[in-house]
Amino acid sequence: MTAPIADQSAEQLPRPTRLSEVKGWFFTADQLLFDWFLKRQQDRAEPGDLLELGAYMGKSAIFLGARRRAGERFTVCDLFDSPAEDASNSQEMKKSYATLTRRAFEANYLAFHEELPTIVQGLSSIVGDHVDEDSVRFAHIDASHLYEHVHGDILAVRKLLTDDGVVVMDDYRAEHCPGVAAATWQAVANEGLRPICITGTKFYGTWGDPEPLQKALVEWITARGDIWHEVQFVNDAPLVRLSAKGAKEPAQPVSRYVSSGARGAQRPATQAPKASAARPGPRPSAPARSTLRRVALDVLPPVVTRAIVNARRRPRTH
């Protein structure tokens, strides 16, 4: 449910003048990919809502909200300052998210948007009670980092996604989050999740056909010229790996706290139009195998090294 910010003096609430001032981790490569996936869905009139599990201070939620089309629903699920129901989750919350409050999230979000998303305050395991099955076109999972919770989040989102919906997993390879790595690649091995691409911090996948997305993504990257990439194989399936150091950021949401002069200098994100019925198109061919290289062992966690076939060399470090 949505609710206004609780009474609290403005001095105690955040007043970000730009997205970079919102606390959190949302790097250029992932901003570019979020923008690309969402714009492609818009251009193809693919129906569906937006979902984020785990919001922290709202950085990626603010970005997603700027790409929500009229008539669509954007749901954000987070514990915020509610108590967790198990000791391990409570310990993680205390260690990593002690400053997280719903009021701070709402203040950050409303600095860039006129209204809040639909907020579900509670464990991510209850999101299925608030979001319809087969209704989500883009989901971002960044809630608990504990294996059991991440595994459950993935299975829950699978039911909520449309046939061609995209799911993004945060911290899929961070050394302090081995549970996320295990749950992500277990879903690839056992639950039918098909990788599309990876950055240094996020994994992008679908339960639909990833090949048209990969072909279009590689064409877009090549045309830009400021994003490094390579295409590799995981268990005989292509996977795009990319890095965007030095690349230009996509359009940013504009804060209401920006002065009129500074506002004009910023390049705002364009609000997407109302969704319409999806238009099926021809299926593009997969990337040529001659251009693909084998996945590197240092990109994948140990749990999936058994799935790597004919690895030829380790990838370059960026």
# chains A, B, ... in the order shown; residues from 1 in each chain; ligands from 1
$ residues_around --residues "region 53-66 of chain A" --least-positions-apart "2" --cutoff "6 Å" --atoms "only C-alpha atoms" --output "JSON, numbers by chain"
{"A": [22, 68, 77, 78, 105, 109, 141, 142, 143, 271]}
$ residues_around --residues "Thr28 (chain A)" --least-positions-apart "2" --cutoff "6 Å" --atoms "only C-alpha atoms" --output "ChimeraX atom specification"
/A:30-31,249
$ write_last_selection --atoms "N, CA, C and O atoms" --output "JSON list (two decimals), in the first residue's frame"
[["chain", "number", "residue", "atom", "x", "y", "z"],
["A", 30, "ASP", "N", 24.82, -0.66, -15.27],
["A", 30, "ASP", "CA", 23.48, -1.15, -14.97],
["A", 30, "ASP", "C", 22.41, -0.11, -15.26],
["A", 30, "ASP", "O", 21.30, -0.45, -15.68],
["A", 31, "GLN", "N", 22.72, 1.16, -15.08],
["A", 31, "GLN", "CA", 21.78, 2.20, -15.49],
["A", 31, "GLN", "C", 21.52, 2.11, -17.00],
["A", 31, "GLN", "O", 20.37, 2.21, -17.46],
["A", 249, "GLU", "N", 26.25, 8.30, -19.08],
["A", 249, "GLU", "CA", 25.06, 7.83, -18.37],
["A", 249, "GLU", "C", 23.80, 8.07, -19.20],
["A", 249, "GLU", "O", 23.76, 8.99, -20.02]]
$ residues_around --residues "region 32-36 of chain A" --least-positions-apart "6" --cutoff "12 Å" --atoms "only C-alpha atoms" --output "PyMOL selection string"
chain A and resi 26+42-43+50+60-68+138-140+166-168+196-199+202-204+213-214+216-221+224+226-227+240-245+247-253+269-272
$ select_by_dssp --residues "region 162-239 of chain A" --states "alpha helix (DSSP H)" --output "PyMOL selection string"
chain A and resi 178-190+211-224
$ select_by_dssp --residues "region 85-182 of chain A" --states "strand (DSSP E)" --output "PyMOL selection string"
chain A and resi 118-121+136-141+161-170
$ residues_around --residues "Asp164 (chain A)" --least-positions-apart "2" --cutoff "12 Å" --atoms "only C-alpha atoms" --output "MDAnalysis selection string"
chainID A and resid 37 40:41 44 46:48 134:139 158 160:162 166:167 193:194 196 205:213 278 280
$ residues_around --residues "region 113-122 of chain A" --least-positions-apart "2" --cutoff "9 Å" --atoms "only C-alpha atoms" --output "ChimeraX atom specification"
/A:1-4,61-62,65-66,73-84,102,106,109-111,124-127,130,253-256
$ write_last_selection --atoms "C-alpha atoms" --output "compact mmCIF listing (two decimals), in the first residue's frame"
# COMPACT_ATOMS: atom_id res chain seq x y z
CA MET A 1 0.00 0.00 0.00
CA THR A 2 1.09 3.58 -0.56
CA ALA A 3 1.11 6.12 2.22
CA PRO A 4 2.29 9.70 2.73
CA ALA A 61 13.65 2.54 -7.69
CA ILE A 62 13.79 6.24 -8.59
CA GLY A 65 9.92 4.88 -11.65
CA ALA A 66 10.97 7.34 -14.35
CA ARG A 73 2.01 -0.45 -11.64
CA PHE A 74 5.42 -0.21 -9.97
CA THR A 75 5.68 -2.29 -6.79
CA VAL A 76 8.53 -1.96 -4.28
CA CYS A 77 8.86 -4.58 -1.54
CA ASP A 78 11.22 -4.08 1.39
CA LEU A 79 11.36 -4.66 5.14
CA PHE A 80 12.57 -1.07 5.64
CA ASP A 81 12.56 -0.62 9.42
CA SER A 82 10.30 -3.59 10.17
CA PRO A 83 11.80 -6.48 12.16
CA ALA A 84 12.89 -9.59 10.28
CA ARG A 102 10.72 3.86 4.95
CA GLU A 106 9.84 7.88 0.48
CA TYR A 109 11.56 8.94 -4.17
CA LEU A 110 9.27 11.94 -3.88
CA ALA A 111 12.19 14.24 -4.61
CA SER A 124 9.92 -10.37 -0.01
CA SER A 125 8.29 -13.78 0.40
CA ILE A 126 4.87 -12.07 0.62
CA VAL A 127 5.16 -10.20 -2.69
CA HIS A 130 0.29 -8.27 -3.75
CA PRO A 253 15.33 11.62 -13.25
CA VAL A 254 15.24 15.33 -12.31
CA SER A 255 14.89 16.35 -8.67
CA ARG A 256 12.37 18.96 -7.56
$ atom_distance --atom1 "CA of Ala183 (chain A)" --atom2 "CA of Leu123 (chain A)"
17.6 Å
$ atom_distance --atom1 "CA of Asp171 (chain A)" --atom2 "CA of Thr201 (chain A)"
5.2 Å
$ atom_distance --atom1 "CA of Tyr147 (chain A)" --atom2 "CA of Thr101 (chain A)"
23.9 Å
$ closest_residue --among "A:Lys39, A:Arg15, A:His151, A:Lys159" --to "Gly128 (chain A)" --atoms "only C-alpha atoms"
A:Lys159
